[in-house]
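Data file: upload_23.pdb. Format and content: PDB, C-alpha atoms, pLDDT in the B column.
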ATOM      1  CA  LEU A  12     -14.107  -9.544 -26.002  1.00 42.00           C
ATOM      2  CA  VAL A  13     -14.351 -10.042 -29.750  1.00 35.00           C
ATOM      3  CA  LEU A  14     -11.002  -9.669 -31.446  1.00 37.00           C
ATOM      4  CA  ALA A  15      -9.459 -11.515 -34.364  1.00 37.00           C
ATOM      5  CA  PRO A  16      -5.760 -10.683 -34.613  1.00 37.00           C
ATOM      6  CA  PRO A  17      -3.227 -13.025 -36.178  1.00 37.00           C
ATOM      7  CA  PRO A  18      -2.505 -16.028 -33.948  1.00 38.00           C
ATOM      8  CA  VAL A  19       0.281 -15.552 -31.451  1.00 36.00           C
ATOM      9  CA  ARG A  20       2.610 -18.525 -31.496  1.00 37.00           C
ATOM     10  CA  SER A  21       4.137 -20.043 -28.400  1.00 36.00           C
ATOM     11  CA  LEU A  22       6.967 -17.986 -26.951  1.00 39.00           C
ATOM     12  CA  ALA A  23       8.638 -20.781 -25.039  1.00 38.00           C
ATOM     13  CA  ALA A  24      11.343 -21.259 -27.646  1.00 37.00           C
ATOM     14  CA  ASN A  25      12.569 -17.683 -27.877  1.00 43.00           C
ATOM     15  CA  THR A  26      11.516 -15.828 -24.733  1.00 44.00           C
ATOM     16  CA  VAL A  27      13.655 -15.847 -21.626  1.00 45.00           C
ATOM     17  CA  LEU A  28      11.504 -15.356 -18.573  1.00 44.00           C
ATOM     18  CA  PRO A  29      12.869 -12.917 -15.988  1.00 47.00           C
ATOM     19  CA  PRO A  30      14.361 -14.826 -13.069  1.00 48.00           C
ATOM     20  CA  ALA A  31      13.248 -14.204  -9.516  1.00 45.00           C
ATOM     21  CA  GLU A  32      15.572 -11.937  -7.546  1.00 53.00           C
ATOM     22  CA  LYS A  33      16.231 -14.690  -5.041  1.00 59.00           C
ATOM     23  CA  PRO A  34      14.831 -18.165  -4.439  1.00 62.00           C
ATOM     24  CA  LEU A  35      11.345 -18.203  -3.000  1.00 72.00           C
ATOM     25  CA  HIS A  36      10.614 -20.428  -0.049  1.00 73.00           C
ATOM     26  CA  ARG A  37       7.164 -21.217   1.236  1.00 71.00           C
ATOM     27  CA  PRO A  38       6.812 -19.513   4.640  1.00 74.00           C
ATOM     28  CA  ASN A  39       4.892 -22.334   6.421  1.00 82.00           C
ATOM     29  CA  LEU A  40       4.593 -20.067   9.433  1.00 92.00           C
ATOM     30  CA  GLN A  41       3.577 -21.334  12.852  1.00 92.00           C
ATOM     31  CA  PRO A  42       2.433 -19.380  15.928  1.00 89.00           C
ATOM     32  CA  THR A  43       4.936 -18.744  18.670  1.00 88.00           C
ATOM     33  CA  PRO A  44       4.199 -18.689  22.415  1.00 88.00           C
ATOM     34  CA  ALA A  45       4.560 -14.899  22.292  1.00 87.00           C
ATOM     35  CA  ASP A  46       1.916 -14.697  19.547  1.00 86.00           C
ATOM     36  CA  GLU A  47      -0.477 -16.760  21.605  1.00 86.00           C
ATOM     37  CA  ARG A  48       0.033 -14.580  24.664  1.00 87.00           C
ATOM     38  CA  ILE A  49      -0.586 -11.419  22.620  1.00 86.00           C
ATOM     39  CA  ALA A  50      -3.801 -12.859  21.183  1.00 85.00           C
ATOM     40  CA  TYR A  51      -5.059 -13.913  24.616  1.00 83.00           C
ATOM     41  CA  VAL A  52      -4.346 -10.517  26.193  1.00 84.00           C
ATOM     42  CA  THR A  53      -5.840  -8.673  23.204  1.00 79.00           C
ATOM     43  CA  ALA A  54      -9.048 -10.673  23.511  1.00 77.00           C
ATOM     44  CA  ARG A  55      -9.402  -9.905  27.194  1.00 77.00           C
ATOM     45  CA  LEU A  56      -8.639  -6.214  26.725  1.00 76.00           C
ATOM     46  CA  LEU A  57     -11.160  -5.774  23.912  1.00 72.00           C
ATOM     47  CA  GLU A  58     -13.873  -7.456  25.920  1.00 70.00           C
ATOM     48  CA  SER A  59     -13.209  -5.628  29.171  1.00 71.00           C
ATOM     49  CA  SER A  60     -12.111  -2.175  27.997  1.00 63.00           C
ATOM     50  CA  HIS A  61     -14.352  -1.346  25.050  1.00 55.00           C
ATOM     51  CA  TYR A  62     -17.481   0.602  25.966  1.00 52.00           C
ATOM     52  CA  THR A  63     -19.811  -1.910  24.278  1.00 56.00           C
ATOM     53  CA  ARG A  64     -18.515  -4.748  26.479  1.00 60.00           C
ATOM     54  CA  ARG A  65     -19.043  -6.993  23.467  1.00 64.00           C
ATOM     55  CA  THR A  66     -18.241 -10.615  24.203  1.00 70.00           C
ATOM     56  CA  PHE A  67     -16.211 -12.568  21.689  1.00 74.00           C
ATOM     57  CA  ASP A  68     -18.859 -15.237  21.194  1.00 79.00           C
ATOM     58  CA  ASP A  69     -19.875 -17.701  18.468  1.00 85.00           C
ATOM     59  CA  GLU A  70     -21.668 -15.021  16.447  1.00 84.00           C
ATOM     60  CA  ILE A  71     -18.601 -12.819  16.273  1.00 82.00           C
ATOM     61  CA  SER A  72     -16.391 -15.844  15.684  1.00 87.00           C
ATOM     62  CA  SER A  73     -18.379 -16.741  12.573  1.00 91.00           C
ATOM     63  CA  LYS A  74     -18.277 -13.254  11.081  1.00 88.00           C
ATOM     64  CA  PHE A  75     -14.632 -12.841  12.043  1.00 89.00           C
ATOM     65  CA  LEU A  76     -13.694 -15.979  10.091  1.00 94.00           C
ATOM     66  CA  ASP A  77     -15.426 -14.618   6.990  1.00 94.00           C
ATOM     67  CA  ARG A  78     -13.609 -11.306   7.303  1.00 92.00           C
ATOM     68  CA  TYR A  79     -10.209 -12.920   7.700  1.00 95.00           C
ATOM     69  CA  LEU A  80     -10.772 -15.085   4.624  1.00 96.00           C
ATOM     70  CA  MET A  81     -11.929 -12.045   2.678  1.00 95.00           C
ATOM     71  CA  ALA A  82      -8.874 -10.059   3.770  1.00 94.00           C
ATOM     72  CA  LEU A  83      -6.600 -12.662   2.188  1.00 96.00           C
ATOM     73  CA  ASP A  84      -8.711 -13.547  -0.842  1.00 97.00           C
ATOM     74  CA  PRO A  85     -11.170 -10.717  -1.542  1.00 96.00           C
ATOM     75  CA  GLN A  86     -11.814 -11.758  -5.155  1.00 97.00           C
ATOM     76  CA  ARG A  87     -12.453 -15.425  -4.290  1.00 97.00           C
ATOM     77  CA  LEU A  88      -9.794 -16.655  -6.675  1.00 97.00           C
ATOM     78  CA  HIS A  89      -7.590 -18.763  -4.414  1.00 98.00           C
ATOM     79  CA  PHE A  90      -9.444 -20.578  -1.638  1.00 98.00           C
ATOM     80  CA  THR A  91     -11.465 -23.436  -3.094  1.00 98.00           C
ATOM     81  CA  GLN A  92     -14.715 -24.672  -1.644  1.00 98.00           C
ATOM     82  CA  ALA A  93     -12.772 -27.691  -0.405  1.00 97.00           C
ATOM     83  CA  ASP A  94     -10.442 -25.320   1.486  1.00 98.00           C
ATOM     84  CA  LEU A  95     -13.376 -23.487   3.022  1.00 98.00           C
ATOM     85  CA  ASP A  96     -14.987 -26.763   4.043  1.00 98.00           C
ATOM     86  CA  GLU A  97     -11.752 -27.659   5.796  1.00 97.00           C
ATOM     87  CA  PHE A  98     -11.779 -24.339   7.658  1.00 97.00           C
ATOM     88  CA  GLU A  99     -15.465 -24.564   8.559  1.00 97.00           C
ATOM     89  CA  PRO A 100     -14.871 -26.281  11.948  1.00 95.00           C
ATOM     90  CA  TYR A 101     -13.202 -23.032  13.058  1.00 95.00           C
ATOM     91  CA  ARG A 102     -16.357 -20.992  12.459  1.00 94.00           C
ATOM     92  CA  TYR A 103     -17.652 -21.247  16.010  1.00 93.00           C
ATOM     93  CA  ARG A 104     -14.345 -22.072  17.666  1.00 91.00           C
ATOM     94  CA  LEU A 105     -12.203 -18.988  17.060  1.00 88.00           C
ATOM     95  CA  ASP A 106     -13.590 -17.382  20.204  1.00 83.00           C
ATOM     96  CA  ASP A 107     -12.691 -20.414  22.311  1.00 85.00           C
ATOM     97  CA  CYS A 108      -9.281 -20.798  20.675  1.00 86.00           C
ATOM     98  CA  ILE A 109      -8.277 -17.230  21.427  1.00 84.00           C
ATOM     99  CA  ARG A 110     -10.100 -16.367  24.653  1.00 79.00           C
ATOM    100  CA  ARG A 111      -9.281 -19.588  26.455  1.00 79.00           C
ATOM    101  CA  TRP A 112      -5.942 -20.698  25.089  1.00 79.00           C
ATOM    102  CA  GLY A 113      -4.593 -17.955  22.828  1.00 81.00           C
ATOM    103  CA  ASP A 114      -4.445 -20.586  20.090  1.00 87.00           C
ATOM    104  CA  LEU A 115      -3.675 -19.009  16.712  1.00 91.00           C
ATOM    105  CA  THR A 116      -3.404 -22.261  14.769  1.00 92.00           C
ATOM    106  CA  PRO A 117      -6.432 -21.388  12.566  1.00 94.00           C
ATOM    107  CA  ALA A 118      -4.903 -18.055  11.508  1.00 94.00           C
ATOM    108  CA  TYR A 119      -1.637 -19.654  10.422  1.00 95.00           C
ATOM    109  CA  LYS A 120      -3.212 -22.695   8.810  1.00 96.00           C
ATOM    110  CA  ILE A 121      -5.434 -20.470   6.683  1.00 97.00           C
ATOM    111  CA  PHE A 122      -2.546 -18.198   5.683  1.00 97.00           C
ATOM    112  CA  ASN A 123      -0.300 -21.129   4.767  1.00 96.00           C
ATOM    113  CA  ARG A 124      -3.040 -22.568   2.546  1.00 97.00           C
ATOM    114  CA  PHE A 125      -3.480 -19.163   0.929  1.00 97.00           C
ATOM    115  CA  TYR A 126       0.224 -19.002   0.123  1.00 97.00           C
ATOM    116  CA  GLU A 127       0.134 -22.545  -1.278  1.00 96.00           C
ATOM    117  CA  ARG A 128      -2.617 -21.467  -3.672  1.00 97.00           C
ATOM    118  CA  LEU A 129      -0.604 -18.396  -4.650  1.00 97.00           C
ATOM    119  CA  GLU A 130       2.357 -20.636  -5.484  1.00 96.00           C
ATOM    120  CA  GLN A 131       0.158 -22.876  -7.584  1.00 97.00           C
ATOM    121  CA  ARG A 132      -1.294 -19.907  -9.418  1.00 97.00           C
ATOM    122  CA  ALA A 133       2.118 -18.385 -10.157  1.00 96.00           C
ATOM    123  CA  ALA A 134       3.443 -21.710 -11.444  1.00 96.00           C
ATOM    124  CA  TYR A 135       0.357 -22.267 -13.595  1.00 97.00           C
ATOM    125  CA  VAL A 136       0.529 -18.754 -15.036  1.00 97.00           C
ATOM    126  CA  GLU A 137       4.197 -19.187 -15.908  1.00 96.00           C
ATOM    127  CA  LYS A 138       3.394 -22.462 -17.655  1.00 96.00           C
ATOM    128  CA  LEU A 139       0.641 -20.792 -19.680  1.00 97.00           C
ATOM    129  CA  LEU A 140       2.842 -17.863 -20.612  1.00 96.00           C
ATOM    130  CA  GLN A 141       5.536 -20.198 -21.911  1.00 94.00           C
ATOM    131  CA  GLY A 142       3.351 -22.563 -23.875  1.00 91.00           C
ATOM    132  CA  GLU A 143      -0.131 -21.259 -24.639  1.00 88.00           C
ATOM    133  CA  PRO A 144      -0.893 -19.257 -27.784  1.00 89.00           C
ATOM    134  CA  PHE A 145      -2.897 -16.194 -26.740  1.00 92.00           C
ATOM    135  CA  VAL A 146      -5.413 -15.950 -29.561  1.00 92.00           C
ATOM    136  CA  PHE A 147      -8.467 -13.720 -29.152  1.00 92.00           C
ATOM    137  CA  ASP A 148     -10.806 -14.701 -31.961  1.00 88.00           C
ATOM    138  CA  THR A 149     -13.913 -15.728 -29.989  1.00 90.00           C
ATOM    139  CA  ASP A 150     -16.393 -14.008 -27.702  1.00 91.00           C
ATOM    140  CA  GLU A 151     -15.084 -14.380 -24.144  1.00 90.00           C
ATOM    141  CA  ARG A 152     -16.345 -12.982 -20.851  1.00 91.00           C
ATOM    142  CA  VAL A 153     -14.330 -12.414 -17.692  1.00 93.00           C
ATOM    143  CA  VAL A 154     -15.853 -11.434 -14.367  1.00 94.00           C
ATOM    144  CA  LEU A 155     -13.435  -9.008 -12.739  1.00 94.00           C
ATOM    145  CA  ASP A 156     -15.327  -8.437  -9.499  1.00 96.00           C
ATOM    146  CA  ARG A 157     -15.922 -11.810  -7.876  1.00 96.00           C
ATOM    147  CA  ARG A 158     -16.492 -10.598  -4.317  1.00 95.00           C
ATOM    148  CA  GLN A 159     -20.130 -11.710  -4.291  1.00 95.00           C
ATOM    149  CA  LEU A 160     -19.614 -14.906  -6.290  1.00 97.00           C
ATOM    150  CA  PRO A 161     -19.034 -18.394  -4.913  1.00 97.00           C
ATOM    151  CA  PRO A 162     -15.464 -19.681  -4.646  1.00 97.00           C
ATOM    152  CA  PRO A 163     -14.097 -22.214  -7.139  1.00 98.00           C
ATOM    153  CA  ARG A 164     -15.217 -25.713  -6.255  1.00 97.00           C
ATOM    154  CA  ASP A 165     -11.797 -27.283  -6.623  1.00 97.00           C
ATOM    155  CA  LEU A 166      -8.309 -26.637  -7.956  1.00 97.00           C
ATOM    156  CA  ALA A 167      -9.351 -27.390 -11.537  1.00 97.00           C
ATOM    157  CA  GLU A 168     -12.036 -24.711 -11.414  1.00 98.00           C
ATOM    158  CA  ALA A 169      -9.599 -22.303  -9.742  1.00 98.00           C
ATOM    159  CA  LYS A 170      -7.123 -22.840 -12.586  1.00 98.00           C
ATOM    160  CA  GLN A 171      -9.820 -21.964 -15.096  1.00 97.00           C
ATOM    161  CA  LEU A 172     -10.423 -18.688 -13.256  1.00 97.00           C
ATOM    162  CA  TRP A 173      -6.675 -18.023 -13.171  1.00 98.00           C
ATOM    163  CA  ARG A 174      -6.420 -18.693 -16.891  1.00 97.00           C
ATOM    164  CA  ASP A 175      -9.348 -16.382 -17.668  1.00 96.00           C
ATOM    165  CA  ARG A 176      -7.817 -13.614 -15.578  1.00 97.00           C
ATOM    166  CA  LEU A 177      -4.431 -14.086 -17.228  1.00 97.00           C
ATOM    167  CA  ARG A 178      -5.954 -13.860 -20.697  1.00 96.00           C
ATOM    168  CA  TYR A 179      -7.638 -10.611 -19.690  1.00 96.00           C
ATOM    169  CA  GLU A 180      -4.345  -9.209 -18.388  1.00 97.00           C
ATOM    170  CA  TYR A 181      -2.540 -10.334 -21.541  1.00 96.00           C
ATOM    171  CA  LEU A 182      -5.143  -8.640 -23.723  1.00 95.00           C
ATOM    172  CA  GLN A 183      -4.852  -5.408 -21.756  1.00 95.00           C
ATOM    173  CA  GLU A 184      -1.117  -5.357 -22.410  1.00 95.00           C
ATOM    174  CA  LYS A 185      -1.680  -6.239 -26.058  1.00 94.00           C
ATOM    175  CA  LEU A 186      -4.100  -3.343 -26.485  1.00 94.00           C
ATOM    176  CA  ASN A 187      -1.347  -1.108 -25.145  1.00 92.00           C
ATOM    177  CA  ARG A 188       0.652  -2.235 -28.197  1.00 90.00           C
ATOM    178  CA  GLU A 189       3.183  -4.193 -26.184  1.00 89.00           C
ATOM    179  CA  LYS A 190       5.154  -6.873 -28.021  1.00 94.00           C
ATOM    180  CA  PRO A 191       4.379 -10.509 -27.106  1.00 93.00           C
ATOM    181  CA  GLU A 192       7.779 -11.142 -25.539  1.00 94.00           C
ATOM    182  CA  GLU A 193       7.452  -7.984 -23.427  1.00 95.00           C
ATOM    183  CA  ILE A 194       3.978  -8.997 -22.312  1.00 96.00           C
ATOM    184  CA  VAL A 195       5.317 -12.332 -21.110  1.00 96.00           C
ATOM    185  CA  LYS A 196       8.068 -10.628 -19.140  1.00 95.00           C
ATOM    186  CA  THR A 197       5.719  -8.042 -17.669  1.00 96.00           C
ATOM    187  CA  LEU A 198       3.146 -10.565 -16.485  1.00 97.00           C
ATOM    188  CA  THR A 199       5.768 -12.962 -15.169  1.00 96.00           C
ATOM    189  CA  ARG A 200       7.338 -10.201 -13.107  1.00 96.00           C
ATOM    190  CA  ARG A 201       3.920  -9.171 -11.831  1.00 96.00           C
ATOM    191  CA  TYR A 202       3.069 -12.631 -10.529  1.00 97.00           C
ATOM    192  CA  HIS A 203       6.550 -13.152  -9.088  1.00 95.00           C
ATOM    193  CA  ARG A 204       6.319  -9.820  -7.311  1.00 95.00           C
ATOM    194  CA  ASN A 205       2.971 -10.686  -5.772  1.00 95.00           C
ATOM    195  CA  LEU A 206       4.216 -14.087  -4.634  1.00 96.00           C
ATOM    196  CA  ARG A 207       7.370 -12.583  -3.163  1.00 95.00           C
ATOM    197  CA  PHE A 208       5.330 -10.060  -1.212  1.00 95.00           C
ATOM    198  CA  PHE A 209       3.638 -12.838   0.722  1.00 95.00           C
ATOM    199  CA  ALA A 210       6.750 -15.032   0.836  1.00 95.00           C
ATOM    200  CA  ASP A 211       8.395 -12.284   2.886  1.00 93.00           C
ATOM    201  CA  TRP A 212       5.667 -12.356   5.511  1.00 94.00           C
ATOM    202  CA  ASP A 213       6.544 -13.437   9.019  1.00 92.00           C
ATOM    203  CA  GLN A 214       4.525 -14.114  12.171  1.00 91.00           C
ATOM    204  CA  ALA A 215       4.082 -10.403  12.836  1.00 89.00           C
ATOM    205  CA  ASP A 216       2.406  -9.888   9.447  1.00 92.00           C
ATOM    206  CA  VAL A 217      -0.040 -12.739   9.956  1.00 93.00           C
ATOM    207  CA  MET A 218      -0.798 -11.504  13.460  1.00 89.00           C
ATOM    208  CA  GLN A 219      -1.406  -7.985  12.213  1.00 88.00           C
ATOM    209  CA  VAL A 220      -3.918  -9.010   9.556  1.00 90.00           C
ATOM    210  CA  PHE A 221      -5.666 -11.523  11.809  1.00 89.00           C
ATOM    211  CA  LEU A 222      -5.983  -9.363  14.928  1.00 84.00           C
ATOM    212  CA  THR A 223      -6.702  -6.170  12.985  1.00 83.00           C
ATOM    213  CA  ARG A 224      -9.706  -7.774  11.298  1.00 80.00           C
ATOM    214  CA  TRP A 225     -10.968  -8.913  14.674  1.00 73.00           C
ATOM    215  CA  ARG A 226     -10.344  -5.585  16.396  1.00 69.00           C
ATOM    216  CA  THR A 227     -12.010  -3.664  13.560  1.00 68.00           C
ATOM    217  CA  PHE A 228     -15.055  -5.875  13.823  1.00 63.00           C
ATOM    218  CA  MET A 229     -15.245  -5.539  17.608  1.00 60.00           C
ATOM    219  CA  ILE A 230     -15.103  -1.732  17.635  1.00 57.00           C
ATOM    220  CA  ARG A 231     -17.362  -1.066  14.652  1.00 53.00           C
ATOM    221  CA  THR A 232     -20.675  -0.550  16.400  1.00 46.00           C
ATOM    222  CA  ARG A 233     -23.932   1.183  15.686  1.00 47.00           C
ATOM    223  CA  ILE A 234     -26.125   2.862  18.271  1.00 40.00           C
ATOM    224  CA  THR A 235     -29.911   2.787  17.925  1.00 45.00           C
ATOM    225  CA  TRP A 236     -32.760   4.036  20.108  1.00 47.00           C
ATOM    226  CA  THR A 237     -35.071   1.137  20.927  1.00 51.00           C
ATOM    227  CA  SER A 238     -37.817   0.841  23.547  1.00 54.00           C
ATOM    228  CA  GLY A 239     -36.751   3.979  25.315  1.00 51.00           C
ATOM    229  CA  ARG A 240     -33.049   3.199  25.581  1.00 53.00           C
ATOM    230  CA  TRP A 241     -29.861   3.240  23.494  1.00 43.00           C
ATOM    231  CA  ILE A 242     -28.789  -0.128  22.098  1.00 47.00           C
ATOM    232  CA  THR A 243     -25.263  -0.791  20.819  1.00 45.00           C
ATOM    233  CA  SER A 244     -24.604  -3.568  18.355  1.00 51.00           C
ATOM    234  CA  PRO A 245     -21.845  -4.438  15.843  1.00 48.00           C
ATOM    235  CA  TRP A 246     -22.263  -3.627  12.202  1.00 46.00           C
ATOM    236  CA  ALA A 247     -23.060  -6.724  10.135  1.00 47.00           C
TER
END
Would you encode the structure as structure tokens?
Amino acid sequence: LVLAPPPVRSLAANTVLPPAEKPLHRPNLQPTPADERIAYVTARLLESSHYTRRTFDDEISSKFLDRYLMALDPQRLHFTQADLDEFEPYRYRLDDCIRRWGDLTPAYKIFNRFYERLEQRAAYVEKLLQGEPFVFDTDERVVLDRRQLPPPRDLAEAKQLWRDRLRYEYLQEKLNREKPEEIVKTLTRRYHRNLRFFADWDQADVMQVFLTRWRTFMIRTRITWTSGRWITSPWA
């Protein structure tokens, strides 16, 4: 991006940010006994009823963890490497947690951390929109598709990614000839709306995403002819 428009001064003094429709409260969801029973029964049914008879073992547990993380943070903008290191002990334990005890603690712990990062991002973006001059007079590069890139190492690196993405979004609005104060309002609403979407989640939403990723993985199989017989195996 190589643009050299006149500097845009801080808008904090004369721009009123749109208020949230209602106060946001961090969900901090926890599994209920009913959730745990559903997870346990689902595990047993998938193992016993599906034609592949695929066992929920350590291999599936590992891939399942990656898919759940990707479902929440596909662009690798929110979970830091420190977060992922904290979740790593679950990699080969999800099968035991669910099949033996119906324990959904990992699913909720991961979601709650995801929401915490969303809160931090929204707050940081609002701070930037109120106080940072958005000047585009140097050559800048923003990677929009981060699915194959490593996660940010820590919160400081995550904030740099958030800032880069915000500057890109600001520039897109600016190229649409929006006024600076309207850009601030538009982007603030956008981040508030995204945060509110997840703030409204309850146990059923977490369960749906978690168990759907697992079920999808369990039933996605390929069939190959090997050594004179058909072999079924899950897609990688």
Any chance you could tabulate, as CSV, the residues of stretch 116-156 of chain A at most 12 Å from stretch 185-190 of chain A with each one's nearest atom pair and distance in Å to one decimal, using all atoms listed in the file, in chain and rising number order?
residue,atom,partner,partner_atom,distance
A:Phe145,CA,A:Lys185,CA,10.1
A:Val146,CA,A:Lys185,CA,11.0
A:Phe147,CA,A:Lys185,CA,10.6
List the residues selected by the PyMOL selection byres ((chain A and resi 212-216) around 12) in the file shown, writing them as a CSV table (one decimal) with C-alpha atoms, in the coordinates of the input.
chain,number,residue,atom,x,y,z
A,35,LEU,CA,11.3,-18.2,-3.0
A,36,HIS,CA,10.6,-20.4,0.0
A,37,ARG,CA,7.2,-21.2,1.2
A,38,PRO,CA,6.8,-19.5,4.6
A,39,ASN,CA,4.9,-22.3,6.4
A,40,LEU,CA,4.6,-20.1,9.4
A,41,GLN,CA,3.6,-21.3,12.9
A,42,PRO,CA,2.4,-19.4,15.9
A,43,THR,CA,4.9,-18.7,18.7
A,44,PRO,CA,4.2,-18.7,22.4
A,45,ALA,CA,4.6,-14.9,22.3
A,46,ASP,CA,1.9,-14.7,19.5
A,47,GLU,CA,-0.5,-16.8,21.6
A,49,ILE,CA,-0.6,-11.4,22.6
A,50,ALA,CA,-3.8,-12.9,21.2
A,83,LEU,CA,-6.6,-12.7,2.2
A,115,LEU,CA,-3.7,-19.0,16.7
A,116,THR,CA,-3.4,-22.3,14.8
A,118,ALA,CA,-4.9,-18.1,11.5
A,119,TYR,CA,-1.6,-19.7,10.4
A,122,PHE,CA,-2.5,-18.2,5.7
A,123,ASN,CA,-0.3,-21.1,4.8
A,126,TYR,CA,0.2,-19.0,0.1
A,205,ASN,CA,3.0,-10.7,-5.8
A,206,LEU,CA,4.2,-14.1,-4.6
A,207,ARG,CA,7.4,-12.6,-3.2
A,208,PHE,CA,5.3,-10.1,-1.2
A,209,PHE,CA,3.6,-12.8,0.7
A,210,ALA,CA,6.8,-15.0,0.8
A,211,ASP,CA,8.4,-12.3,2.9
A,217,VAL,CA,0.0,-12.7,10.0
A,218,MET,CA,-0.8,-11.5,13.5
A,219,GLN,CA,-1.4,-8.0,12.2
A,220,VAL,CA,-3.9,-9.0,9.6
A,221,PHE,CA,-5.7,-11.5,11.8
A,222,LEU,CA,-6.0,-9.4,14.9
A,223,THR,CA,-6.7,-6.2,13.0
Answer key for the PyMOL selection byres ((chain A and resi 91) around 12), residues as a count of residues only: 30
Coordinates-based distance that separates atom CA of A:Ser73 from atom CA of A:Arg102 (Å, one decimal): 4.7 Å
Within 12 Å of file point (-12.2, -21.9, 22.4), counting only C-alpha atoms, expressed as number ranges by chain: A: 51, 54, 67-69, 72, 100-117
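Taking atom CA of A:Arg48 and atom CA of A:Trp225 as endpoints, the distance between them is 15.9 Å.
Put simply, atom CA of A:Gln159 is 19.9 Å away from atom CA of A:Tyr179.
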Residue with smallest distance to A:Ile71 - pool A:Lys138, A:Arg224, A:Val153, A:Arg178, counting only C-alpha atoms: A:Arg224
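Counting all atoms listed in the file, the residue from A:Leu56, A:Ala82, A:Leu160, A:Leu198 that sits nearest to A:Leu140 is A:Leu198.
Of the listed residues A:Thr149, A:Thr66, A:Gln141, A:Gln183, the one whose atoms come nearest to A:Thr199 is A:Gln141, with distances taken using only C-alpha atoms.
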